[in-house]
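*Asks:* final_38.cif is reproduced below (mmCIF, C-alpha atoms and all ligand atoms).
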```cif
data_protein
#
loop_
_atom_site.group_PDB
_atom_site.id
_atom_site.type_symbol
_atom_site.label_atom_id
_atom_site.label_comp_id
_atom_site.auth_asym_id
_atom_site.auth_seq_id
_atom_site.Cartn_x
_atom_site.Cartn_y
_atom_site.Cartn_z
ATOM 1 C CA MET A 274 79.407 -91.420 198.246
ATOM 2 C CA HIS A 275 82.730 -89.799 197.422
ATOM 3 C CA VAL A 276 84.073 -90.306 193.928
ATOM 4 C CA ASP A 277 87.085 -92.235 195.234
ATOM 5 C CA SER A 278 84.790 -94.655 197.091
ATOM 6 C CA ALA A 279 82.657 -95.167 193.993
ATOM 7 C CA ILE A 280 85.803 -95.838 191.948
ATOM 8 C CA LEU A 281 87.255 -98.255 194.480
ATOM 9 C CA LYS A 282 84.000 -100.085 195.225
ATOM 10 C CA ARG A 283 82.922 -100.555 191.609
ATOM 11 C CA ARG A 284 83.354 -104.190 190.597
ATOM 12 C CA SER A 285 82.149 -105.993 187.502
ATOM 13 C CA VAL A 286 79.181 -107.958 188.755
ATOM 14 C CA ARG A 287 78.021 -111.078 186.937
ATOM 15 C CA ARG A 288 75.057 -112.116 189.106
ATOM 16 C CA PHE A 289 72.211 -109.644 189.325
ATOM 17 C CA ASP A 290 68.872 -110.034 191.072
ATOM 18 C CA PRO A 291 66.494 -110.649 188.133
ATOM 19 C CA SER A 292 63.468 -109.587 190.196
ATOM 20 C CA HIS A 293 64.869 -106.147 190.988
ATOM 21 C CA LYS A 294 63.580 -103.165 189.044
ATOM 22 C CA LEU A 295 65.048 -99.695 188.873
ATOM 23 C CA THR A 296 62.447 -96.953 188.883
ATOM 24 C CA LYS A 297 62.107 -94.746 185.832
ATOM 25 C CA LYS A 298 63.395 -91.885 187.987
ATOM 26 C CA GLU A 299 66.528 -93.819 188.967
ATOM 27 C CA CYS A 300 67.206 -94.801 185.345
ATOM 28 C CA ASN A 301 66.817 -91.185 184.264
ATOM 29 C CA LYS A 302 69.097 -89.934 187.024
ATOM 30 C CA ILE A 303 71.861 -92.326 185.973
ATOM 31 C CA LEU A 304 71.468 -91.419 182.300
ATOM 32 C CA SER A 305 71.277 -87.713 183.127
ATOM 33 C CA LEU A 306 74.667 -87.950 184.806
ATOM 34 C CA ALA A 307 76.165 -89.884 181.884
ATOM 35 C CA ILE A 308 75.420 -87.062 179.455
ATOM 36 C CA HIS A 309 77.741 -84.820 181.464
ATOM 37 C CA SER A 310 80.703 -86.920 180.323
ATOM 38 C CA PRO A 311 83.056 -85.007 178.047
ATOM 39 C CA THR A 312 83.210 -85.409 174.262
ATOM 40 C CA ALA A 313 85.642 -83.870 171.812
ATOM 41 C CA PHE A 314 84.161 -80.619 170.434
ATOM 42 C CA ASN A 315 81.139 -81.352 172.654
ATOM 43 C CA ILE A 316 79.581 -83.365 169.842
ATOM 44 C CA GLN A 317 77.911 -85.777 172.306
ATOM 45 C CA ASN A 318 78.210 -88.598 169.823
ATOM 46 C CA TRP A 319 77.022 -91.313 172.226
ATOM 47 C CA ARG A 320 73.589 -92.885 171.970
ATOM 48 C CA PHE A 321 72.277 -94.948 174.857
ATOM 49 C CA VAL A 322 70.005 -97.778 173.801
ATOM 50 C CA VAL A 323 68.139 -98.846 176.942
ATOM 51 C CA VAL A 324 66.740 -102.310 176.339
ATOM 52 C CA GLU A 325 63.643 -102.971 178.433
ATOM 53 C CA ASP A 326 61.818 -105.485 176.257
ATOM 54 C CA SER A 327 62.436 -108.926 177.736
ATOM 55 C CA ALA A 328 62.157 -110.736 174.396
ATOM 56 C CA LEU A 329 64.870 -108.466 172.986
ATOM 57 C CA ARG A 330 66.995 -109.049 176.097
ATOM 58 C CA LYS A 331 66.747 -112.812 175.543
ATOM 59 C CA LYS A 332 67.842 -112.455 171.927
ATOM 60 C CA ILE A 333 70.760 -110.257 172.974
ATOM 61 C CA LYS A 334 71.749 -112.741 175.670
ATOM 62 C CA ALA A 335 71.913 -115.492 173.054
ATOM 63 C CA ALA A 336 74.288 -113.258 171.061
ATOM 64 C CA SER A 337 76.362 -112.593 174.199
ATOM 65 C CA TRP A 338 77.719 -116.033 175.034
ATOM 66 C CA ASP A 339 74.609 -116.507 177.164
ATOM 67 C CA GLN A 340 75.885 -114.106 179.812
ATOM 68 C CA GLY A 341 73.207 -113.783 182.500
ATOM 69 C CA GLN A 342 73.853 -110.093 183.132
ATOM 70 C CA VAL A 343 72.061 -109.283 179.873
ATOM 71 C CA THR A 344 68.691 -110.555 181.063
ATOM 72 C CA ASP A 345 69.090 -110.297 184.850
ATOM 73 C CA ALA A 346 70.357 -106.732 185.251
ATOM 74 C CA SER A 347 67.691 -104.120 185.954
ATOM 75 C CA MET A 348 69.022 -101.924 183.185
ATOM 76 C CA LEU A 349 70.824 -102.920 180.001
ATOM 77 C CA ILE A 350 72.394 -100.027 178.136
ATOM 78 C CA ILE A 351 73.962 -100.514 174.736
ATOM 79 C CA LEU A 352 76.394 -97.673 174.200
ATOM 80 C CA CYS A 353 76.325 -96.790 170.547
ATOM 81 C CA ALA A 354 78.021 -93.982 168.730
ATOM 82 C CA ASP A 355 76.652 -91.785 166.021
ATOM 83 C CA LEU A 356 79.738 -91.727 163.796
ATOM 84 C CA LYS A 357 78.344 -88.737 161.911
ATOM 85 C CA ALA A 358 77.232 -86.638 164.874
ATOM 86 C CA TRP A 359 79.964 -84.175 163.973
ATOM 87 C CA GLU A 360 78.204 -83.202 160.735
ATOM 88 C CA LYS A 361 74.620 -83.164 162.011
ATOM 89 C CA GLU A 362 73.894 -79.480 162.714
ATOM 90 C CA PRO A 363 77.097 -78.952 164.724
ATOM 91 C CA LEU A 364 76.016 -75.454 165.724
ATOM 92 C CA ARG A 365 73.603 -77.002 168.246
ATOM 93 C CA TYR A 366 76.589 -78.260 170.274
ATOM 94 C CA TRP A 367 77.721 -74.644 170.676
ATOM 95 C CA ARG A 368 74.411 -72.788 170.569
ATOM 96 C CA SER A 369 75.069 -70.759 173.706
ATOM 97 C CA ALA A 370 78.661 -69.875 172.806
ATOM 98 C CA PRO A 371 79.519 -66.317 171.687
ATOM 99 C CA GLU A 372 79.308 -65.849 167.932
ATOM 100 C CA PRO A 373 83.082 -65.604 167.358
ATOM 101 C CA VAL A 374 83.507 -68.980 169.101
ATOM 102 C CA GLN A 375 80.779 -70.517 166.944
ATOM 103 C CA GLU A 376 82.398 -69.103 163.817
ATOM 104 C CA PHE A 377 85.688 -70.698 164.772
ATOM 105 C CA ILE A 378 84.518 -74.038 166.138
ATOM 106 C CA VAL A 379 82.031 -75.204 163.509
ATOM 107 C CA PRO A 380 84.540 -75.142 160.622
ATOM 108 C CA ALA A 381 87.122 -76.683 162.969
ATOM 109 C CA ILE A 382 84.792 -79.634 163.595
ATOM 110 C CA GLN A 383 84.266 -80.137 159.867
ATOM 111 C CA GLN A 384 87.989 -79.973 159.216
ATOM 112 C CA TYR A 385 88.808 -82.406 162.005
ATOM 113 C CA TYR A 386 86.473 -85.200 160.860
ATOM 114 C CA THR A 387 85.726 -84.819 157.148
ATOM 115 C CA GLY A 388 86.812 -87.877 155.174
ATOM 116 C CA LEU A 389 88.567 -89.446 158.169
ATOM 117 C CA ASP A 390 86.666 -92.619 159.052
ATOM 118 C CA GLN A 391 89.226 -93.844 161.563
ATOM 119 C CA VAL A 392 89.208 -90.520 163.431
ATOM 120 C CA GLN A 393 85.393 -90.552 163.504
ATOM 121 C CA ARG A 394 85.387 -94.069 164.947
ATOM 122 C CA ASP A 395 88.214 -93.472 167.421
ATOM 123 C CA GLU A 396 86.462 -90.393 168.804
ATOM 124 C CA ALA A 397 83.205 -92.305 169.080
ATOM 125 C CA MET A 398 84.840 -95.100 171.067
ATOM 126 C CA ARG A 399 86.555 -92.590 173.356
ATOM 127 C CA SER A 400 83.252 -90.828 174.028
ATOM 128 C CA CYS A 401 81.354 -94.039 174.754
ATOM 129 C CA GLY A 402 84.133 -95.443 176.943
ATOM 130 C CA ILE A 403 84.125 -92.346 179.123
ATOM 131 C CA ALA A 404 80.320 -92.347 179.286
ATOM 132 C CA ALA A 405 80.371 -96.025 180.274
ATOM 133 C CA GLN A 406 82.548 -95.249 183.276
ATOM 134 C CA THR A 407 80.261 -92.361 184.245
ATOM 135 C CA LEU A 408 77.264 -94.716 184.096
ATOM 136 C CA MET A 409 79.022 -97.259 186.303
ATOM 137 C CA LEU A 410 80.160 -94.705 188.885
ATOM 138 C CA ALA A 411 76.719 -93.076 188.924
ATOM 139 C CA ALA A 412 75.140 -96.499 189.469
ATOM 140 C CA LYS A 413 77.557 -97.212 192.319
ATOM 141 C CA SER A 414 76.821 -93.884 193.954
ATOM 142 C CA TYR A 415 73.102 -94.780 193.967
ATOM 143 C CA GLY A 416 73.824 -98.159 195.580
ATOM 144 C CA TYR A 417 73.782 -100.293 192.438
ATOM 145 C CA ASP A 418 76.344 -102.435 190.680
ATOM 146 C CA SER A 419 77.296 -102.805 187.074
ATOM 147 C CA CYS A 420 79.119 -104.814 184.458
ATOM 148 C CA PRO A 421 80.847 -103.367 181.404
ATOM 149 C CA MET A 422 80.572 -105.834 178.523
ATOM 150 C CA ASP A 423 81.867 -106.425 175.048
ATOM 151 C CA GLY A 424 81.449 -110.172 175.026
ATOM 152 C CA PHE A 425 78.827 -110.301 172.317
ATOM 153 C CA ASP A 426 78.460 -110.567 168.584
ATOM 154 C CA PHE A 427 78.405 -106.962 167.430
ATOM 155 C CA ASP A 428 76.734 -107.625 164.082
ATOM 156 C CA THR A 429 73.930 -109.694 165.602
ATOM 157 C CA VAL A 430 73.247 -107.120 168.310
ATOM 158 C CA ALA A 431 73.312 -104.349 165.693
ATOM 159 C CA GLU A 432 70.634 -106.217 163.788
ATOM 160 C CA ILE A 433 68.522 -106.813 166.907
ATOM 161 C CA VAL A 434 68.483 -103.115 167.863
ATOM 162 C CA ASN A 435 68.110 -101.903 164.298
ATOM 163 C CA LEU A 436 71.361 -99.952 164.459
ATOM 164 C CA PRO A 437 71.437 -97.114 161.894
ATOM 165 C CA HIS A 438 74.096 -97.559 159.205
ATOM 166 C CA ASP A 439 76.089 -94.545 160.415
ATOM 167 C CA HIS A 440 76.270 -95.751 164.025
ATOM 168 C CA ALA A 441 78.597 -98.230 165.742
ATOM 169 C CA ILE A 442 78.189 -100.236 168.915
ATOM 170 C CA CYS A 443 80.865 -99.632 171.539
ATOM 171 C CA MET A 444 79.867 -101.816 174.510
ATOM 172 C CA PHE A 445 77.131 -102.665 177.010
ATOM 173 C CA VAL A 446 76.761 -101.511 180.575
ATOM 174 C CA ALA A 447 74.476 -103.684 182.701
ATOM 175 C CA ILE A 448 73.263 -102.108 185.935
ATOM 176 C CA GLY A 449 71.338 -103.667 188.792
ATOM 177 C CA LYS A 450 71.251 -105.144 192.250
ATOM 178 C CA ALA A 451 74.122 -107.559 192.864
ATOM 179 C CA LEU A 452 73.131 -110.952 194.255
ATOM 180 C CA ASP A 453 76.468 -111.313 196.046
ATOM 181 C CA GLU A 454 78.467 -108.688 197.889
ATOM 182 C CA PRO A 455 81.043 -107.512 195.309
ATOM 183 C CA GLU A 456 84.671 -108.147 196.241
ATOM 184 C CA ALA A 457 85.894 -105.298 198.413
ATOM 185 C CA ILE A 458 89.449 -105.137 197.125
ATOM 186 C CA PRO A 459 90.296 -104.627 193.471
ATOM 187 C CA LYS A 460 92.364 -107.599 192.494
ATOM 188 C CA ASP A 461 95.461 -108.178 190.411
ATOM 189 C CA LYS A 462 96.198 -104.548 189.682
ATOM 190 C CA LEU A 463 99.530 -103.985 187.995
ATOM 191 C CA PRO A 464 101.865 -101.770 190.018
ATOM 192 C CA LEU A 465 101.923 -98.066 189.197
ATOM 193 C CA GLU A 466 105.614 -98.390 188.273
ATOM 194 C CA GLU A 467 104.619 -100.651 185.376
ATOM 195 C CA VAL A 468 101.739 -98.641 184.005
ATOM 196 C CA VAL A 469 102.908 -95.080 184.595
ATOM 197 C CA ILE A 470 105.594 -93.813 182.274
ATOM 198 C CA MET A 471 107.329 -90.601 183.212
ATOM 199 C CA ASP A 472 107.889 -88.277 180.280
ATOM 200 C CA ARG A 473 108.602 -90.889 177.579
ATOM 201 C CA PHE A 474 109.045 -94.559 176.878
ATOM 202 C CA ASN A 475 112.613 -95.856 176.879
HETATM 203 C C1 LIG A 501 85.354 -103.110 177.526
HETATM 204 C C2 LIG A 501 85.096 -104.164 178.569
HETATM 205 C C3 LIG A 501 84.430 -105.319 178.215
HETATM 206 C C4 LIG A 501 84.137 -106.295 179.172
HETATM 207 N N1 LIG A 501 83.381 -107.358 178.807
HETATM 208 C C5 LIG A 501 82.952 -108.217 179.774
HETATM 209 C C6 LIG A 501 82.027 -109.233 179.457
HETATM 210 O O1 LIG A 501 81.571 -109.392 178.326
HETATM 211 N N2 LIG A 501 81.632 -110.037 180.461
HETATM 212 C C7 LIG A 501 82.073 -109.908 181.739
HETATM 213 O O2 LIG A 501 81.658 -110.684 182.608
HETATM 214 N N3 LIG A 501 82.951 -108.920 182.067
HETATM 215 C C8 LIG A 501 83.390 -108.072 181.132
HETATM 216 N N4 LIG A 501 84.232 -107.057 181.462
HETATM 217 C C9 LIG A 501 84.673 -106.873 182.853
HETATM 218 C C10 LIG A 501 86.161 -107.162 183.066
HETATM 219 O O3 LIG A 501 86.368 -108.538 183.066
HETATM 220 C C11 LIG A 501 86.552 -106.511 184.398
HETATM 221 O O4 LIG A 501 86.409 -105.110 184.265
HETATM 222 C C12 LIG A 501 87.976 -106.811 184.826
HETATM 223 O O5 LIG A 501 88.149 -108.191 185.083
HETATM 224 C C13 LIG A 501 88.363 -106.028 186.098
HETATM 225 O O6 LIG A 501 87.467 -106.310 187.156
HETATM 226 P P1 LIG A 501 86.586 -105.172 187.859
HETATM 227 O O7 LIG A 501 85.782 -104.482 186.794
HETATM 228 O O8 LIG A 501 85.725 -105.897 188.856
HETATM 229 O O9 LIG A 501 87.560 -104.222 188.506
HETATM 230 C C14 LIG A 501 84.569 -106.103 180.518
HETATM 231 C C15 LIG A 501 85.256 -104.930 180.852
HETATM 232 C C16 LIG A 501 85.493 -103.956 179.901
HETATM 233 C C17 LIG A 501 86.168 -102.688 180.324
#
```
In structure tokens, what does this structure look like?
*Replies:*
Amino acid sequence: MHVDSAILKRRSVRRFDPSHKLTKKECNKILSLAIHSPTAFNIQNWRFVVVEDSALRKKIKAASWDQGQVTDASMLIILCADLKAWEKEPLRYWRSAPEPVQEFIVPAIQQYYTGLDQVQRDEAMRSCGIAAQTLMLAAKSYGYDSCPMDGFDFDTVAEIVNLPHDHAICMFVAIGKALDEPEAIPKDKLPLEEVVIMDRFN
């Protein structure tokens, strides 16, 4: 499937076939594509919590306005961010770079994030948002559908998955077999003239 088809055919699906299972190989393929998403300074600050345990899924559903996607999708991924990834052995993000690049980039990473909680969080959300779209397009290209989600109680879900104190939850992506044919045409898109600003705002 071409990228433009995957983009245009991706719809947020709410009704998944609860009996459908993705194979381990399919799950790994989708996740393996997601880790090719870009991150600032290549710090790869996303963490993908793949929830397979059905009891945990039920608890998460209860914390998610009872949305059926949480239990019925074949794969439930909670995109979390390690807010401190930037300071955890940053050299490993550049281990194959020439030494002069390493010598420049590692201090640059420290300088960019140190003491700046908002920057750390903003970067984490950017990384996870991009990875979420990669997951959804990868799923579509393998014939599956998805639903991005943030309709849940973040604190409750954090507790359920034992979220480390230096991590934050960004969103869920549910992936599976749609029960209904997703709508073919994206609906209610604002016109380009409204959302594209040339050069600067008035
Ligand atoms: C960050 C984010 C959170 C969302 N949360 C939910 C959600 O909790 N439940 C849901 O059914 N859809 C959710 N959606 C899906 C949106 O409603 C959907 O993307 C939007 O209506 C456009 O439709 P489309 O994705 O089919 O193009 C979410 C989408 C995004 C990007």
*Asks:* Enumerate, as a list in words, the residues matched when the PyMOL selection byres (((not hetatm)) within 7 of (chain A and resi 501)) is run on the file above.
*Replies:* Arg283, Arg284, Ser285, Val286, Arg287, Cys420, Pro421, Met422, Asp423, Gly424, Phe425, Met444 and Pro459 of chain A
*Asks:* Using only C-alpha atoms, please write the residues we just selected to a file, as a short mmCIF file (atom, residue, chain, number, x, y, z; two decimals), keeping the file's coordinate frame.
*Replies:*
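Output file selection00.cif is given in full below:
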```
data_model
loop_
_atom_site.label_atom_id
_atom_site.label_comp_id
_atom_site.auth_asym_id
_atom_site.auth_seq_id
_atom_site.Cartn_x
_atom_site.Cartn_y
_atom_site.Cartn_z
CA ARG A 283 82.92 -100.56 191.61
CA ARG A 284 83.35 -104.19 190.60
CA SER A 285 82.15 -105.99 187.50
CA VAL A 286 79.18 -107.96 188.76
CA ARG A 287 78.02 -111.08 186.94
CA CYS A 420 79.12 -104.81 184.46
CA PRO A 421 80.85 -103.37 181.40
CA MET A 422 80.57 -105.83 178.52
CA ASP A 423 81.87 -106.42 175.05
CA GLY A 424 81.45 -110.17 175.03
CA PHE A 425 78.83 -110.30 172.32
CA MET A 444 79.87 -101.82 174.51
CA PRO A 459 90.30 -104.63 193.47
#
```
*Asks:* A:Thr312, A:Thr296, A:Gln384, A:Gln375: which is nearest Ala354 (chain A), counting only C-alpha atoms?
*Replies:*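 Answer, going by the shortest atom-to-atom distance: A:Thr312.
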*Asks:* What lies within 10 Å of Ala431 (chain A) using only C-alpha atoms, ignoring chain neighbours under 4 positions off, as a list in words?
*Replies:* Ile333, Ile351, Cys353, Asp426, Phe427, Asn435, Leu436, Pro437, His438, His440, Ala441 and Ile442 of chain A
*Asks:* Do you have, as a Markdown table, the list of residues of region 279-343 of chain A lying at most 12 Å from region 355-370 of chain A, each with its nearest atom pair and that distance in Å to one decimal, counting only C-alpha atoms and ordered by chain then number?
*Replies:*
```
| residue | atom | partner | partner_atom | distance |
| --- | --- | --- | --- | --- |
| A:Thr312 | CA | A:Tyr366 | CA | 10.5 |
| A:Ala313 | CA | A:Trp359 | CA | 9.7 |
| A:Phe314 | CA | A:Tyr366 | CA | 7.9 |
| A:Asn315 | CA | A:Tyr366 | CA | 6.0 |
| A:Ile316 | CA | A:Tyr366 | CA | 5.9 |
| A:Gln317 | CA | A:Ala358 | CA | 7.5 |
| A:Asn318 | CA | A:Asp355 | CA | 5.2 |
| A:Trp319 | CA | A:Asp355 | CA | 6.2 |
| A:Arg320 | CA | A:Asp355 | CA | 6.8 |
| A:Phe321 | CA | A:Asp355 | CA | 10.4 |
| A:Val322 | CA | A:Asp355 | CA | 11.9 |
```
*Asks:* Between A:Ala307, A:Ala451, A:Leu410, A:Ala336, single out the one closest to Asp277 (chain A), counting all atoms listed in the file.
*Replies:*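 Checking each of A:Ala307, A:Ala451, A:Leu410, A:Ala336 against Asp277 (chain A), counting all atoms listed in the file, the winner is A:Leu410.
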*Asks:* Considering all atoms listed in the file, state which residue in the set A:Ala457, A:Val392, A:Ile308, A:Ile378 is at the smallest distance from Leu281 (chain A).
*Replies:*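 Counting all atoms listed in the file, the residue closest to Leu281 (chain A) is A:Ala457.
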*Asks:* Here's the selection I'm unsure about, the PyMOL selection byres (((chain A and resi 279) around 12) and not hetatm); applied to the file above, which residues does it give, as a PDB file with C-alpha atoms, in the frame of the given file?
*Replies:*
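And here's out-v7.pdb as it stands now:
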```pdb
ATOM      1  CA  MET A 274      79.407 -91.420 198.246  1.00  0.00           C
ATOM      2  CA  HIS A 275      82.730 -89.799 197.422  1.00  0.00           C
ATOM      3  CA  VAL A 276      84.073 -90.306 193.928  1.00  0.00           C
ATOM      4  CA  ASP A 277      87.085 -92.235 195.234  1.00  0.00           C
ATOM      5  CA  SER A 278      84.790 -94.655 197.091  1.00  0.00           C
ATOM      6  CA  ILE A 280      85.803 -95.838 191.948  1.00  0.00           C
ATOM      7  CA  LEU A 281      87.255 -98.255 194.480  1.00  0.00           C
ATOM      8  CA  LYS A 282      84.000-100.085 195.225  1.00  0.00           C
ATOM      9  CA  ARG A 283      82.922-100.555 191.609  1.00  0.00           C
ATOM     10  CA  ARG A 284      83.354-104.190 190.597  1.00  0.00           C
ATOM     11  CA  GLN A 406      82.548 -95.249 183.276  1.00  0.00           C
ATOM     12  CA  THR A 407      80.261 -92.361 184.245  1.00  0.00           C
ATOM     13  CA  LEU A 408      77.264 -94.716 184.096  1.00  0.00           C
ATOM     14  CA  MET A 409      79.022 -97.259 186.303  1.00  0.00           C
ATOM     15  CA  LEU A 410      80.160 -94.705 188.885  1.00  0.00           C
ATOM     16  CA  ALA A 411      76.719 -93.076 188.924  1.00  0.00           C
ATOM     17  CA  ALA A 412      75.140 -96.499 189.469  1.00  0.00           C
ATOM     18  CA  LYS A 413      77.557 -97.212 192.319  1.00  0.00           C
ATOM     19  CA  SER A 414      76.821 -93.884 193.954  1.00  0.00           C
ATOM     20  CA  TYR A 415      73.102 -94.780 193.967  1.00  0.00           C
ATOM     21  CA  GLY A 416      73.824 -98.159 195.580  1.00  0.00           C
ATOM     22  CA  TYR A 417      73.782-100.293 192.438  1.00  0.00           C
ATOM     23  CA  ASP A 418      76.344-102.435 190.680  1.00  0.00           C
ATOM     24  CA  SER A 419      77.296-102.805 187.074  1.00  0.00           C
ATOM     25  CA  ALA A 457      85.894-105.298 198.413  1.00  0.00           C
TER      26      ALA A 457
END
```
*Asks:* Any chance you could work out the residue set of the PyMOL selection byres (((chain A and resi 452) around 7) and not hetatm) here, as a list of chain:residue names?
*Replies:*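 After applying the PyMOL selection byres (((chain A and resi 452) around 7) and not hetatm), what remains is A:Arg288, A:Phe289, A:Asp290, A:Lys450, A:Ala451, A:Asp453, A:Glu454.
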